[in-house]
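Participant: Input structure: target.cif, which contains mmCIF, C-alpha atoms and all ligand atoms.
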```cif
data_data
loop_
_atom_site.group_PDB
_atom_site.id
_atom_site.type_symbol
_atom_site.label_atom_id
_atom_site.label_comp_id
_atom_site.auth_asym_id
_atom_site.auth_seq_id
_atom_site.Cartn_x
_atom_site.Cartn_y
_atom_site.Cartn_z
ATOM 1 C CA PRO J 24 -55.167 25.331 49.318
ATOM 2 C CA PRO J 25 -55.583 21.562 48.885
ATOM 3 C CA ASP J 26 -58.254 19.714 50.854
ATOM 4 C CA VAL J 27 -56.320 18.007 53.668
ATOM 5 C CA GLU J 28 -58.421 14.794 53.560
ATOM 6 C CA GLN J 29 -58.392 14.384 49.769
ATOM 7 C CA LEU J 30 -54.693 15.232 49.669
ATOM 8 C CA GLY J 31 -54.059 12.697 52.435
ATOM 9 C CA ARG J 32 -55.904 9.824 50.742
ATOM 10 C CA SER J 33 -54.115 10.482 47.446
ATOM 11 C CA THR J 34 -50.749 10.816 49.130
ATOM 12 C CA TRP J 35 -51.057 7.622 51.178
ATOM 13 C CA THR J 36 -51.993 5.845 47.926
ATOM 14 C CA LEU J 37 -48.812 7.170 46.317
ATOM 15 C CA LEU J 38 -46.570 6.356 49.289
ATOM 16 C CA HIS J 39 -47.915 2.829 49.880
ATOM 17 C CA SER J 40 -47.728 2.206 46.110
ATOM 18 C CA ILE J 41 -44.067 3.239 46.163
ATOM 19 C CA ALA J 42 -43.560 0.733 49.010
ATOM 20 C CA ALA J 43 -45.393 -1.967 47.037
ATOM 21 C CA THR J 44 -43.127 -1.561 44.008
ATOM 22 C CA TYR J 45 -39.884 -0.981 45.945
ATOM 23 C CA PRO J 46 -37.434 -3.872 45.419
ATOM 24 C CA THR J 47 -37.187 -6.677 47.956
ATOM 25 C CA THR J 48 -33.409 -6.243 47.719
ATOM 26 C CA PRO J 49 -32.794 -2.603 46.716
ATOM 27 C CA SER J 50 -29.407 -1.407 45.494
ATOM 28 C CA ALA J 51 -27.462 1.191 47.489
ATOM 29 C CA ARG J 52 -28.618 3.781 44.928
ATOM 30 C CA GLU J 53 -32.279 2.793 45.291
ATOM 31 C CA GLN J 54 -31.993 3.009 49.076
ATOM 32 C CA ALA J 55 -30.348 6.430 48.889
ATOM 33 C CA ASP J 56 -33.043 7.649 46.452
ATOM 34 C CA LEU J 57 -35.882 6.565 48.748
ATOM 35 C CA GLN J 58 -34.160 8.092 51.776
ATOM 36 C CA THR J 59 -33.758 11.394 49.922
ATOM 37 C CA PHE J 60 -37.312 11.267 48.572
ATOM 38 C CA MET J 61 -38.834 10.748 52.025
ATOM 39 C CA GLY J 62 -36.723 13.508 53.573
ATOM 40 C CA LEU J 63 -37.783 15.975 50.872
ATOM 41 C CA PHE J 64 -41.381 14.718 50.941
ATOM 42 C CA ALA J 65 -41.595 15.477 54.656
ATOM 43 C CA ARG J 66 -40.409 19.023 53.997
ATOM 44 C CA LEU J 67 -42.519 19.711 50.914
ATOM 45 C CA TYR J 68 -45.851 18.071 51.846
ATOM 46 C CA PRO J 69 -48.369 20.881 51.261
ATOM 47 C CA CYS J 70 -50.161 20.590 54.619
ATOM 48 C CA TRP J 71 -47.709 22.379 56.857
ATOM 49 C CA VAL J 72 -48.862 21.084 60.254
ATOM 50 C CA CYS J 73 -48.954 17.557 58.787
ATOM 51 C CA ALA J 74 -45.437 18.012 57.407
ATOM 52 C CA GLU J 75 -44.068 19.298 60.719
ATOM 53 C CA ASP J 76 -45.540 16.390 62.662
ATOM 54 C CA PHE J 77 -44.310 13.895 60.062
ATOM 55 C CA GLN J 78 -40.778 15.310 60.229
ATOM 56 C CA ALA J 79 -40.920 15.096 64.030
ATOM 57 C CA TYR J 80 -42.091 11.467 63.766
ATOM 58 C CA MET J 81 -39.086 10.575 61.594
ATOM 59 C CA ARG J 82 -36.712 12.468 63.857
ATOM 60 C CA GLU J 83 -38.017 11.441 67.277
ATOM 61 C CA ARG J 84 -40.005 8.212 66.921
ATOM 62 C CA GLU J 85 -38.583 6.109 64.075
ATOM 63 C CA ALA J 86 -36.238 7.137 61.282
ATOM 64 C CA VAL J 87 -37.259 5.964 57.806
ATOM 65 C CA ARG J 88 -36.158 2.398 56.981
ATOM 66 C CA VAL J 89 -35.250 1.667 53.372
ATOM 67 C CA ALA J 90 -33.246 -1.586 53.456
ATOM 68 C CA SER J 91 -35.998 -3.664 51.793
ATOM 69 C CA ARG J 92 -39.630 -3.549 50.600
ATOM 70 C CA ASP J 93 -40.722 -5.250 53.794
ATOM 71 C CA GLU J 94 -38.835 -2.788 56.008
ATOM 72 C CA PHE J 95 -40.074 0.299 54.188
ATOM 73 C CA GLY J 96 -43.648 -0.959 53.857
ATOM 74 C CA THR J 97 -43.831 -1.802 57.548
ATOM 75 C CA TRP J 98 -42.185 1.477 58.572
ATOM 76 C CA LEU J 99 -44.667 3.409 56.407
ATOM 77 C CA CYS J 100 -47.590 1.485 57.878
ATOM 78 C CA ARG J 101 -46.467 2.377 61.398
ATOM 79 C CA ALA J 102 -45.988 6.029 60.411
ATOM 80 C CA HIS J 103 -49.499 6.041 58.870
ATOM 81 C CA ASN J 104 -50.822 4.471 62.081
ATOM 82 C CA ALA J 105 -49.257 7.300 64.097
ATOM 83 C CA VAL J 106 -51.283 9.761 61.987
ATOM 84 C CA ASN J 107 -54.376 7.556 62.375
ATOM 85 C CA ALA J 108 -53.919 7.667 66.161
ATOM 86 C CA LYS J 109 -53.518 11.437 66.163
ATOM 87 C CA LEU J 110 -56.774 11.775 64.193
ATOM 88 C CA GLY J 111 -58.696 9.212 66.271
ATOM 89 C CA LYS J 112 -58.859 6.710 63.370
ATOM 90 C CA PRO J 113 -58.432 2.957 63.981
ATOM 91 C CA ALA J 114 -54.980 1.387 63.663
ATOM 92 C CA PHE J 115 -54.307 -0.696 60.551
ATOM 93 C CA ASP J 116 -52.823 -4.223 61.003
ATOM 94 C CA CYS J 117 -49.315 -3.813 59.551
ATOM 95 C CA ALA J 118 -48.997 -7.563 58.940
ATOM 96 C CA ARG J 119 -51.511 -6.922 56.121
ATOM 97 C CA TRP J 120 -50.045 -3.837 54.413
ATOM 98 C CA GLU J 121 -48.895 -5.844 51.362
ATOM 99 C CA GLU J 122 -52.277 -7.482 51.008
ATOM 100 C CA ARG J 123 -53.904 -4.032 50.937
ATOM 101 C CA TRP J 124 -51.403 -2.333 48.655
ATOM 102 C CA ARG J 125 -49.659 -4.995 46.527
ATOM 103 C CA THR J 126 -51.159 -8.457 46.279
ATOM 104 C CA GLY J 127 -54.839 -7.784 46.994
ATOM 105 C CA TRP J 128 -56.896 -9.087 49.900
ATOM 106 C CA LYS J 129 -56.941 -12.858 50.413
ATOM 107 C CA ASP J 130 -60.552 -13.406 51.462
HETATM 108 P P1 LIG Q 201 -56.379 7.469 54.982
HETATM 109 O O1 LIG Q 201 -55.736 7.621 56.311
HETATM 110 O O2 LIG Q 201 -56.128 8.510 53.943
HETATM 111 O O3 LIG Q 201 -55.971 6.041 54.413
HETATM 112 C C1 LIG Q 201 -56.296 5.629 53.081
HETATM 113 C C2 LIG Q 201 -56.419 4.100 53.079
HETATM 114 O O4 LIG Q 201 -55.186 3.521 53.495
HETATM 115 C C3 LIG Q 201 -57.423 3.554 54.093
HETATM 116 O O5 LIG Q 201 -58.709 3.520 53.558
HETATM 117 C C4 LIG Q 201 -56.891 2.166 54.394
HETATM 118 O O6 LIG Q 201 -57.330 1.230 53.421
HETATM 119 C C5 LIG Q 201 -55.394 2.319 54.219
HETATM 120 N N1 LIG Q 201 -54.675 2.452 55.492
HETATM 121 C C6 LIG Q 201 -55.076 3.063 56.647
HETATM 122 N N2 LIG Q 201 -54.108 3.026 57.566
HETATM 123 C C7 LIG Q 201 -53.062 2.364 56.990
HETATM 124 C C8 LIG Q 201 -51.774 2.006 57.447
HETATM 125 N N3 LIG Q 201 -51.348 2.308 58.681
HETATM 126 N N4 LIG Q 201 -50.962 1.339 56.612
HETATM 127 C C9 LIG Q 201 -51.376 1.003 55.356
HETATM 128 N N5 LIG Q 201 -52.585 1.328 54.868
HETATM 129 C C10 LIG Q 201 -53.421 2.004 55.674
HETATM 130 N N6 LIG Q 201 -54.630 14.901 58.323
HETATM 131 C C11 LIG Q 201 -54.867 15.749 59.349
HETATM 132 O O7 LIG Q 201 -56.025 16.161 59.548
HETATM 133 N N7 LIG Q 201 -53.846 16.134 60.191
HETATM 134 C C12 LIG Q 201 -52.567 15.711 60.015
HETATM 135 O O8 LIG Q 201 -51.657 16.092 60.761
HETATM 136 C C13 LIG Q 201 -52.293 14.827 58.927
HETATM 137 N N8 LIG Q 201 -51.034 14.402 58.670
HETATM 138 C C14 LIG Q 201 -50.786 13.650 57.562
HETATM 139 C C15 LIG Q 201 -49.475 13.307 57.254
HETATM 140 C C16 LIG Q 201 -49.183 12.603 56.104
HETATM 141 C C17 LIG Q 201 -47.745 12.251 55.792
HETATM 142 C C18 LIG Q 201 -50.219 12.232 55.215
HETATM 143 C C19 LIG Q 201 -49.911 11.506 53.934
HETATM 144 C C20 LIG Q 201 -51.529 12.569 55.510
HETATM 145 C C21 LIG Q 201 -51.833 13.271 56.678
HETATM 146 N N9 LIG Q 201 -53.142 13.624 57.006
HETATM 147 C C22 LIG Q 201 -53.383 14.440 58.080
HETATM 148 C C23 LIG Q 201 -54.301 13.095 56.222
HETATM 149 C C24 LIG Q 201 -54.884 11.852 56.911
HETATM 150 O O9 LIG Q 201 -53.849 10.900 57.231
HETATM 151 C C25 LIG Q 201 -55.905 11.092 56.008
HETATM 152 O O10 LIG Q 201 -55.333 10.856 54.733
HETATM 153 C C26 LIG Q 201 -57.231 11.810 55.817
HETATM 154 O O11 LIG Q 201 -57.770 12.148 57.080
HETATM 155 C C27 LIG Q 201 -58.225 10.894 55.060
HETATM 156 O O12 LIG Q 201 -58.389 9.709 55.849
HETATM 157 P P2 LIG Q 201 -59.095 8.397 55.371
HETATM 158 O O13 LIG Q 201 -59.923 7.928 56.530
HETATM 159 O O14 LIG Q 201 -59.784 8.582 54.056
HETATM 160 O O15 LIG Q 201 -57.945 7.281 55.169
#
```
What is this file in C-alpha cells?
Facilitator:
Amino acid sequence: PPDVEQLGRSTWTLLHSIAATYPTTPSAREQADLQTFMGLFARLYPCWVCAEDFQAYMREREAVRVASRDEFGTWLCRAHNAVNAKLGKPAFDCARWEERWRTGWKD
C-alpha cells in the first residue's frame, strides 16, 4: 500500500497545481469537469480513512467551489487546513496559497 505521508505530499502538489492552472474565469464545461474530478478523487483516493474524511468534509463542512481559480484555490487551502488541524500540523495562511503554488514567494 502507498505510504500515506508520501502519497499526501504528492497529492497536495497535484491538487494545488491544478488550482494554480485553473482559469480565472472557467467555462461551464471546465467548472463541471473540476466538480466531477473532485467528487471522483474523494472516492478513489487510495488512503481509505483519508478519503472518507475528505468526502465528509465536502458534504458537511464546505462543498467544493469551482467558479474561479481564486474560489477553488481558497477552498482547497481551507480543506487542506482541515487535514492539517486533524493531524496537529500548523494552519497555512490561505491569503498566500497562490504565492506558494503559482507565482512563487515574494520575499
Ligand atoms: P503536506 O500537508 O503534505 O503539505 C505539503 C506542502 O503544502 C507543505 O509543505 C506546505 O508548503 C503546503 N501547504 C500546507 N498546508 C497548505 C494549505 N492549507 N494550503 C496550501 N498549501 C499548503 N494523512 C493522514 O495521516 N490522515 C489523513 O486522514 C489524511 N488525509 C488526507 C486527505 C487528503 C485529501 C490528502 C491529499 C492527504 C491526506 N493526508 C492524511 C496526508 C497529509 O495531509 C500530509 O500530506 C502528510 O501528512 C505529509 O505532510 P507534510 O507535513 O509533508 O505536508
Participant: Report the residues retrieved by the PyMOL selection byres (((not hetatm)) within 7 of (chain Q and resi 201)) from the displayed file, expressed as a list of chain:residue names.
Facilitator: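 With the shown file as input, the PyMOL selection byres (((not hetatm)) within 7 of (chain Q and resi 201)) matches J:Val27, J:Glu28, J:Gln29, J:Leu30, J:Gly31, J:Arg32, J:Thr34, J:Trp35, J:Thr36, J:His39, J:Val72, J:Cys73, J:Ala74, J:Asp76, J:Phe77, J:Leu99, J:Cys100, J:Arg101, J:Ala102, J:His103, J:Asn104, J:Val106, J:Asn107, J:Leu110, J:Ala114, J:Phe115, J:Cys117, J:Trp120, J:Arg123.
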Participant: Suppose you want the space between atom CA of Ser91 of chain J and atom CA of Tyr45 of chain J; what is it in Å?
Facilitator: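 It comes out at 7.5 Å.
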Participant: Atom CA of Arg88 of chain J and atom CA of Gly127 of chain J are how many Å apart?
Facilitator: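 Result for atom CA of Arg88 of chain J versus atom CA of Gly127 of chain J: 23.5 Å, one decimal.
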Participant: Near Thr48 of chain J, counting all atoms listed in the file, which residues have an atom at most 10 Å away, once you skip same-chain residues fewer than 6 positions from it, shown as a tab-separated table (two decimals) with C-alpha atoms, in the frame of the given file?
Facilitator:
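Result file selection_17.tsv:
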```
chain	number	residue	atom	x	y	z
J	54	GLN	CA	-31.99	3.01	49.08
J	89	VAL	CA	-35.25	1.67	53.37
J	90	ALA	CA	-33.25	-1.59	53.46
J	91	SER	CA	-36.00	-3.66	51.79
J	92	ARG	CA	-39.63	-3.55	50.60
J	93	ASP	CA	-40.72	-5.25	53.79
```
Participant: To one decimal in Å, tell me the separation between atom CA of Glu53 of chain J and atom CA of Gln78 of chain J.
Facilitator: 21.3 Å
Participant: What are the centre and the three edge lengths of an axis-aligned box that wraps all atoms of segment 43-50 of chain J in the file, given that 3 Å is added to every side, written as JSON and rounded to one decimal in Å?
Facilitator:
```
{"center_x": -37.4, "center_y": -3.8, "center_z": 46.0, "size_x": 22.0, "size_y": 11.7, "size_z": 9.9}
```
Participant: Carefully work through the PyMOL selection byres (((chain J and resi 61-65) around 8) and not hetatm) for this structure and note down the residues it includes, as a PyMOL selection string.
Facilitator: chain J and resi 57-60+66-68+74-75+77-78+87
